[in-house]
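Student: Below you'll find the structure I mean.
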Amino acid sequence: MSQEMQSKLCLVTGATLGIGKETALGLARKGAHLVLVGRDAARTRETAAWIAKESGNPQVDLLIADLSSQAEVRRLAAEFKHKYPRLDVLLNNAGAIFTRRETTVEGFERTWALNHLAEFLLTHLLLDTLERSAPARIVNVASTAHTRGTIDFDNLQGEKKYSGIAAYARSKLANILFTYALARRLAGKGVTANCLHPGVVATGFGHNTPGLVKTLAGLARPFMTTPEKGAETSIYLASSPDVADISGKYFAKRKPIASSKLSYDEALQERLWEVSEKQTA
């Protein structure tokens, strides 16, 4: 274990599988104090124990929440703030794709709720802690799938027409639009916000849904990169001094690259921000 991130507190969502799990392990190996967020209590405890053993770092805590529920997101944020006085890195990694349209307890389409609204709400609830802890970082895991995404405010949640792949692409575009708008608002406050494409990674992603998505994931698996490789950019953005002062960028393979043309539309960013505020009020 190195001491590169000693005394740094990192909150990682979606930390029990794939990229999130490997990201957490990588940060633990750098000496960070980790707080893992998972939906399944048993799996999250197992993951925390595994990371502590593999990294040699005993500072691995956990919190349990179903992030598709805004009530759960609010409870998570309150529990975190009660237990911890600071937050150096918020790593929004949790995400999923759903073949069939499902709704959450609050009535939101599940992909939108988990992939975008949870990230938007949790970040806002922890912003004051991040600002008090400055310099601090926010890292949002997006995807190259955003290039296929559009934001139709009359069909944000697939009310009129639903496609699991389209819903996922829309949510990933929303992640990037949110990151850019957030970075503008955080300028000069000592908190950076960046997003990334982890690569096409062989994880359990897509296996919670039947049909075409699961079939495509299985067929593509031999051509995918490993979760360890997929986590590299997340770890880099969370820890590297090279990006300490960089904000409002989209990264892949640890380098800033251009996101889709649509993602740079500031009017769209601001309208999505306004709609997201209303949906999480």
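Starting from 1 in every chain, residues are counted up; chains themselves are A, B, ... following the order of the structure tokens, and ligands are numbered from 1 as listed.
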Excluding Asp88 in chain A and residues on its chain fewer than 4 positions from it, collect all residues at most 8 Å away from it, counting only C-alpha atoms, and give them as an NGL selection string.
Tutor: :A and (8-10 or 130 or 133-137)
Student: Those residues you just picked out, can you put them in a file as a tab-separated table (two decimals), in the first residue's frame with N, CA and C atoms?
Tutor:
chain	number	residue	atom	x	y	z
A	8	LYS	N	-7.04	10.91	2.67
A	8	LYS	CA	-8.09	11.30	1.73
A	8	LYS	C	-9.30	10.38	1.90
A	9	LEU	N	-10.48	10.96	2.00
A	9	LEU	CA	-11.71	10.19	2.16
A	9	LEU	C	-12.45	10.15	0.83
A	10	CYS	N	-12.73	8.95	0.35
A	10	CYS	CA	-13.35	8.76	-0.96
A	10	CYS	C	-14.66	7.98	-0.82
A	130	LEU	N	-17.99	18.73	0.37
A	130	LEU	CA	-16.88	18.78	-0.58
A	130	LEU	C	-16.20	20.15	-0.56
A	133	SER	N	-14.05	20.67	2.31
A	133	SER	CA	-12.87	19.80	2.27
A	133	SER	C	-11.88	20.20	1.18
A	134	ALA	N	-12.16	21.24	0.45
A	134	ALA	CA	-11.35	21.63	-0.71
A	134	ALA	C	-9.86	21.70	-0.36
A	135	PRO	N	-8.99	21.24	-1.29
A	135	PRO	CA	-9.31	20.78	-2.65
A	135	PRO	C	-9.98	19.40	-2.66
A	136	ALA	N	-11.04	19.30	-3.44
A	136	ALA	CA	-11.80	18.06	-3.53
A	136	ALA	C	-12.15	17.79	-5.00
A	137	ARG	N	-12.61	16.55	-5.25
A	137	ARG	CA	-12.88	16.16	-6.63
A	137	ARG	C	-14.20	15.40	-6.74
Student: Smallest atom-to-atom distance to Ile235 in chain A: which of A:Ile176, A:Leu90, A:Ala167, A:Val73, using only C-alpha atoms?
Tutor: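 Distance minimum relative to Ile235 in chain A lands on A:Leu90.
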Student: Counting only C-alpha atoms, what is within 9 Å of Glu131 in chain A, bar same-chain residues fewer than 4 positions away, as a short mmCIF file (atom, residue, chain, number, x, y, z; two decimals) with C-alpha atoms, in the first residue's frame?
Tutor:
data_model
loop_
_atom_site.label_atom_id
_atom_site.label_comp_id
_atom_site.auth_asym_id
_atom_site.auth_seq_id
_atom_site.Cartn_x
_atom_site.Cartn_y
_atom_site.Cartn_z
CA LEU A 87 -15.10 14.30 1.68
CA LEU A 126 -22.72 16.49 -0.45
CA LEU A 127 -21.53 19.70 -2.12
CA PRO A 135 -9.31 20.78 -2.65
CA ALA A 136 -11.80 18.06 -3.53
CA LEU A 186 -17.73 25.17 -8.92
CA LYS A 189 -14.34 26.89 -5.08
CA GLY A 190 -11.55 24.35 -4.97
CA VAL A 191 -13.72 21.46 -6.18
#
Student: Choose the residue, out of A:Gly107, A:Pro227, A:Pro198, A:Gly188, that has the smallest atom-to-atom separation from Ile246 in chain A; count only C-alpha atoms.
Tutor: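 Between A:Gly107, A:Pro227, A:Pro198, A:Gly188, the residue approaching Ile246 in chain A most closely is A:Gly188.
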Student: So which residues touch Ser259 in chain A within 8 Å, counting only C-alpha atoms, skipping near sequence neighbours fewer than 3 positions away, as a list in words?
Tutor: Thr147, Tyr250, Ser263 and Tyr264 of chain A
Student: Which residues of range 117-158 of chain A sit at most 12 Å from range 269-278 of chain A, using only C-alpha atoms? Give each one's shortest atom pair and distance in Å (one decimal place), in chain and ascending residue order, as a Markdown table.
Tutor:
| residue | atom | partner | partner_atom | distance |
| --- | --- | --- | --- | --- |
| A:Leu117 | CA | A:Ser276 | CA | 6.7 |
| A:Ala118 | CA | A:Ser276 | CA | 10.1 |
| A:Glu119 | CA | A:Ser276 | CA | 10.4 |
| A:Phe120 | CA | A:Ser276 | CA | 7.4 |
| A:Leu121 | CA | A:Glu277 | CA | 8.2 |
| A:Leu122 | CA | A:Glu277 | CA | 11.9 |
| A:Thr123 | CA | A:Glu277 | CA | 11.9 |
| A:His124 | CA | A:Glu277 | CA | 9.7 |
| A:Leu125 | CA | A:Glu277 | CA | 11.9 |
| A:Thr150 | CA | A:Leu272 | CA | 11.7 |
| A:Ile151 | CA | A:Leu272 | CA | 8.4 |
| A:Asp152 | CA | A:Leu272 | CA | 10.1 |
| A:Phe153 | CA | A:Leu272 | CA | 8.5 |
| A:Asp154 | CA | A:Val275 | CA | 11.5 |
| A:Leu156 | CA | A:Val275 | CA | 10.1 |
Student: Grab the residues selected above and save them as a PDB file, in the first residue's frame with N, CA and C atoms.
Tutor:
ATOM      1  N   LEU A 117     -30.527  10.980 -11.999  1.00  0.00           N
ATOM      2  CA  LEU A 117     -31.085  11.734 -10.872  1.00  0.00           C
ATOM      3  C   LEU A 117     -30.364  11.423  -9.559  1.00  0.00           C
ATOM      4  N   ALA A 118     -29.973  10.174  -9.359  1.00  0.00           N
ATOM      5  CA  ALA A 118     -29.242   9.823  -8.132  1.00  0.00           C
ATOM      6  C   ALA A 118     -27.911  10.564  -8.067  1.00  0.00           C
ATOM      7  N   GLU A 119     -27.213  10.618  -9.189  1.00  0.00           N
ATOM      8  CA  GLU A 119     -25.936  11.319  -9.252  1.00  0.00           C
ATOM      9  C   GLU A 119     -26.131  12.810  -8.997  1.00  0.00           C
ATOM     10  N   PHE A 120     -27.135  13.379  -9.636  1.00  0.00           N
ATOM     11  CA  PHE A 120     -27.433  14.801  -9.482  1.00  0.00           C
ATOM     12  C   PHE A 120     -27.762  15.118  -8.026  1.00  0.00           C
ATOM     13  N   LEU A 121     -28.638  14.323  -7.419  1.00  0.00           N
ATOM     14  CA  LEU A 121     -29.089  14.591  -6.063  1.00  0.00           C
ATOM     15  C   LEU A 121     -27.989  14.347  -5.036  1.00  0.00           C
ATOM     16  N   LEU A 122     -27.309  13.223  -5.119  1.00  0.00           N
ATOM     17  CA  LEU A 122     -26.259  12.916  -4.146  1.00  0.00           C
ATOM     18  C   LEU A 122     -25.157  13.966  -4.188  1.00  0.00           C
ATOM     19  N   THR A 123     -24.774  14.367  -5.377  1.00  0.00           N
ATOM     20  CA  THR A 123     -23.739  15.396  -5.505  1.00  0.00           C
ATOM     21  C   THR A 123     -24.177  16.684  -4.831  1.00  0.00           C
ATOM     22  N   HIS A 124     -25.409  17.100  -5.085  1.00  0.00           N
ATOM     23  CA  HIS A 124     -25.899  18.335  -4.471  1.00  0.00           C
ATOM     24  C   HIS A 124     -25.942  18.236  -2.944  1.00  0.00           C
ATOM     25  N   LEU A 125     -26.363  17.090  -2.429  1.00  0.00           N
ATOM     26  CA  LEU A 125     -26.472  16.928  -0.986  1.00  0.00           C
ATOM     27  C   LEU A 125     -25.107  16.924  -0.294  1.00  0.00           C
ATOM     28  N   THR A 150     -29.870  11.425 -26.906  1.00  0.00           N
ATOM     29  CA  THR A 150     -30.541  12.704 -27.140  1.00  0.00           C
ATOM     30  C   THR A 150     -31.344  13.040 -25.884  1.00  0.00           C
ATOM     31  N   ILE A 151     -31.646  14.319 -25.727  1.00  0.00           N
ATOM     32  CA  ILE A 151     -32.454  14.749 -24.598  1.00  0.00           C
ATOM     33  C   ILE A 151     -33.770  15.299 -25.138  1.00  0.00           C
ATOM     34  N   ASP A 152     -34.791  14.486 -25.090  1.00  0.00           N
ATOM     35  CA  ASP A 152     -36.140  14.887 -25.498  1.00  0.00           C
ATOM     36  C   ASP A 152     -36.927  15.129 -24.214  1.00  0.00           C
ATOM     37  N   PHE A 153     -37.190  16.396 -23.910  1.00  0.00           N
ATOM     38  CA  PHE A 153     -37.832  16.715 -22.643  1.00  0.00           C
ATOM     39  C   PHE A 153     -39.286  16.258 -22.586  1.00  0.00           C
ATOM     40  N   ASP A 154     -39.816  15.855 -23.722  1.00  0.00           N
ATOM     41  CA  ASP A 154     -41.178  15.308 -23.745  1.00  0.00           C
ATOM     42  C   ASP A 154     -41.186  13.784 -23.606  1.00  0.00           C
ATOM     43  N   LEU A 156     -38.348  12.166 -21.591  1.00  0.00           N
ATOM     44  CA  LEU A 156     -37.141  11.948 -20.790  1.00  0.00           C
ATOM     45  C   LEU A 156     -37.124  10.580 -20.139  1.00  0.00           C
TER      46      LEU A 156
END
Student: List as a list in words the protein and nucleic acid residues near Gly248 in chain A, meaning an atom at most 6 Å away when only C-alpha atoms are counted, but skip any in the same chain fewer than 5 places from it.
Tutor: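 Neighbouring residues, sequence-local ones excluded: Tyr180, Ala183, Ala193 and Asn194 of chain A.
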Student: From a backbone DSSP assignment, name each residue in range 22-114 of chain A labelled strand (DSSP E or B), as a CSV table (one decimal) with N, CA and C atoms, in the first residue's frame.
Tutor:
chain,number,residue,atom,x,y,z
A,33,HIS,N,-8.9,6.4,2.5
A,33,HIS,CA,-10.0,5.9,3.4
A,33,HIS,C,-11.2,5.8,2.6
A,34,LEU,N,-11.8,4.6,2.4
A,34,LEU,CA,-12.9,4.4,1.5
A,34,LEU,C,-14.2,4.2,2.2
A,35,VAL,N,-15.3,4.8,1.6
A,35,VAL,CA,-16.6,4.5,2.0
A,35,VAL,C,-17.3,3.9,0.7
A,36,LEU,N,-17.6,2.6,0.8
A,36,LEU,CA,-18.3,2.0,-0.4
A,36,LEU,C,-19.8,2.1,-0.2
A,37,VAL,N,-20.5,2.4,-1.3
A,37,VAL,CA,-21.9,2.4,-1.4
A,37,VAL,C,-22.4,1.2,-2.2
A,38,GLY,N,-23.2,0.4,-1.7
A,38,GLY,CA,-23.8,-0.8,-2.4
A,38,GLY,C,-25.3,-0.9,-2.0
A,60,VAL,N,-11.7,0.7,5.2
A,60,VAL,CA,-12.7,0.5,4.2
A,60,VAL,C,-14.1,0.3,4.9
A,61,ASP,N,-14.9,1.4,4.8
A,61,ASP,CA,-16.2,1.4,5.4
A,61,ASP,C,-17.3,1.2,4.3
A,62,LEU,N,-18.5,1.1,4.8
A,62,LEU,CA,-19.6,0.9,3.8
A,62,LEU,C,-20.9,1.5,4.3
A,63,LEU,N,-21.7,1.9,3.3
A,63,LEU,CA,-23.1,2.4,3.5
A,63,LEU,C,-24.0,1.7,2.5
A,64,ILE,N,-25.2,1.4,2.9
A,64,ILE,CA,-26.1,0.6,2.1
A,64,ILE,C,-27.2,1.6,1.6
A,89,VAL,N,-13.1,13.0,-2.3
A,89,VAL,CA,-13.5,12.5,-3.6
A,89,VAL,C,-14.8,11.9,-3.6
A,90,LEU,N,-15.7,12.4,-4.4
A,90,LEU,CA,-17.0,11.7,-4.7
A,90,LEU,C,-16.9,11.1,-6.0
A,91,LEU,N,-17.0,9.8,-6.1
A,91,LEU,CA,-16.9,9.0,-7.3
A,91,LEU,C,-18.3,8.4,-7.6
A,92,ASN,N,-19.0,9.0,-8.5
A,92,ASN,CA,-20.4,8.6,-8.9
A,92,ASN,C,-20.2,7.5,-10.0
A,103,THR,N,-40.4,1.5,-13.2
A,103,THR,CA,-40.5,2.8,-12.4
A,103,THR,C,-40.1,2.5,-11.0
A,109,GLU,N,-38.7,6.6,-14.2
A,109,GLU,CA,-38.1,5.5,-15.0
A,109,GLU,C,-36.8,5.2,-14.4
Student: Which residues are close to Ser2 in chain A, i.e. within 7 Å by only C-alpha atoms, leaving aside same-chain residues fewer than 6 positions away? Reply as number ranges by chain.
Tutor: A: 29-31
Student: Using DSSP assignments from the backbone, pull out every residue in range 87-261 of chain A that falls under alpha helix (DSSP H) and give it to me as a ChimeraX atom specification.
Tutor: /A:110-112,118-132,164-186,212-220,227-230,232-239
Student: Can you write out the residues you just picked, keeping C-alpha atoms, as a PDB file, in the first residue's frame?
Tutor:
ATOM      1  CA  ARG A 110     -35.434   3.417 -13.337  1.00  0.00           C
ATOM      2  CA  THR A 111     -32.550   4.108 -15.754  1.00  0.00           C
ATOM      3  CA  TRP A 112     -33.076   7.851 -15.471  1.00  0.00           C
ATOM      4  CA  ALA A 118     -29.242   9.823  -8.132  1.00  0.00           C
ATOM      5  CA  GLU A 119     -25.936  11.319  -9.252  1.00  0.00           C
ATOM      6  CA  PHE A 120     -27.433  14.801  -9.482  1.00  0.00           C
ATOM      7  CA  LEU A 121     -29.089  14.591  -6.063  1.00  0.00           C
ATOM      8  CA  LEU A 122     -26.259  12.916  -4.146  1.00  0.00           C
ATOM      9  CA  THR A 123     -23.739  15.396  -5.505  1.00  0.00           C
ATOM     10  CA  HIS A 124     -25.899  18.335  -4.471  1.00  0.00           C
ATOM     11  CA  LEU A 125     -26.472  16.928  -0.986  1.00  0.00           C
ATOM     12  CA  LEU A 126     -22.719  16.491  -0.449  1.00  0.00           C
ATOM     13  CA  LEU A 127     -21.526  19.696  -2.119  1.00  0.00           C
ATOM     14  CA  ASP A 128     -21.208  21.634   1.123  1.00  0.00           C
ATOM     15  CA  THR A 129     -18.994  18.886   2.576  1.00  0.00           C
ATOM     16  CA  LEU A 130     -16.876  18.781  -0.577  1.00  0.00           C
ATOM     17  CA  GLU A 131     -16.432  22.549  -0.554  1.00  0.00           C
ATOM     18  CA  ARG A 132     -15.394  22.522   3.126  1.00  0.00           C
ATOM     19  CA  GLY A 164     -33.386   0.255 -22.897  1.00  0.00           C
ATOM     20  CA  ILE A 165     -30.383   1.194 -25.026  1.00  0.00           C
ATOM     21  CA  ALA A 166     -31.799   4.642 -25.828  1.00  0.00           C
ATOM     22  CA  ALA A 167     -32.606   5.237 -22.149  1.00  0.00           C
ATOM     23  CA  TYR A 168     -29.064   4.297 -21.178  1.00  0.00           C
ATOM     24  CA  ALA A 169     -27.520   6.534 -23.862  1.00  0.00           C
ATOM     25  CA  ARG A 170     -29.743   9.424 -22.722  1.00  0.00           C
ATOM     26  CA  SER A 171     -28.670   8.977 -19.109  1.00  0.00           C
ATOM     27  CA  LYS A 172     -24.993   8.915 -20.038  1.00  0.00           C
ATOM     28  CA  LEU A 173     -25.389  12.114 -22.067  1.00  0.00           C
ATOM     29  CA  ALA A 174     -27.097  13.602 -19.010  1.00  0.00           C
ATOM     30  CA  ASN A 175     -24.056  12.659 -16.896  1.00  0.00           C
ATOM     31  CA  ILE A 176     -21.811  14.702 -19.162  1.00  0.00           C
ATOM     32  CA  LEU A 177     -24.194  17.659 -19.478  1.00  0.00           C
ATOM     33  CA  PHE A 178     -24.443  17.697 -15.675  1.00  0.00           C
ATOM     34  CA  THR A 179     -20.665  17.517 -15.225  1.00  0.00           C
ATOM     35  CA  TYR A 180     -20.028  20.487 -17.510  1.00  0.00           C
ATOM     36  CA  ALA A 181     -22.717  22.622 -15.859  1.00  0.00           C
ATOM     37  CA  LEU A 182     -21.462  21.615 -12.406  1.00  0.00           C
ATOM     38  CA  ALA A 183     -17.859  22.496 -13.241  1.00  0.00           C
ATOM     39  CA  ARG A 184     -18.926  26.019 -14.217  1.00  0.00           C
ATOM     40  CA  ARG A 185     -20.707  26.461 -10.898  1.00  0.00           C
ATOM     41  CA  LEU A 186     -17.729  25.168  -8.919  1.00  0.00           C
ATOM     42  CA  LEU A 212     -31.252  -8.338 -26.367  1.00  0.00           C
ATOM     43  CA  VAL A 213     -29.029  -6.378 -23.969  1.00  0.00           C
ATOM     44  CA  LYS A 214     -27.905  -9.515 -22.126  1.00  0.00           C
ATOM     45  CA  THR A 215     -27.333 -11.332 -25.425  1.00  0.00           C
ATOM     46  CA  LEU A 216     -25.273  -8.465 -26.863  1.00  0.00           C
ATOM     47  CA  ALA A 217     -23.230  -8.222 -23.672  1.00  0.00           C
ATOM     48  CA  GLY A 218     -22.436 -11.925 -23.893  1.00  0.00           C
ATOM     49  CA  LEU A 219     -21.431 -11.754 -27.553  1.00  0.00           C
ATOM     50  CA  ALA A 220     -19.234  -8.695 -26.999  1.00  0.00           C
ATOM     51  CA  PRO A 227     -12.527  -4.197 -15.062  1.00  0.00           C
ATOM     52  CA  GLU A 228      -8.991  -3.432 -13.866  1.00  0.00           C
ATOM     53  CA  LYS A 229      -8.253  -1.577 -17.105  1.00  0.00           C
ATOM     54  CA  GLY A 230     -11.676   0.057 -17.035  1.00  0.00           C
ATOM     55  CA  GLU A 232      -7.733   3.152 -14.525  1.00  0.00           C
ATOM     56  CA  THR A 233      -9.227   6.449 -15.653  1.00  0.00           C
ATOM     57  CA  SER A 234     -11.515   6.702 -12.618  1.00  0.00           C
ATOM     58  CA  ILE A 235      -8.540   6.112 -10.308  1.00  0.00           C
ATOM     59  CA  TYR A 236      -6.459   8.626 -12.261  1.00  0.00           C
ATOM     60  CA  LEU A 237      -9.099  11.369 -12.021  1.00  0.00           C
ATOM     61  CA  ALA A 238      -9.627  10.681  -8.327  1.00  0.00           C
ATOM     62  CA  SER A 239      -5.974  10.676  -7.344  1.00  0.00           C
TER      63      SER A 239
END
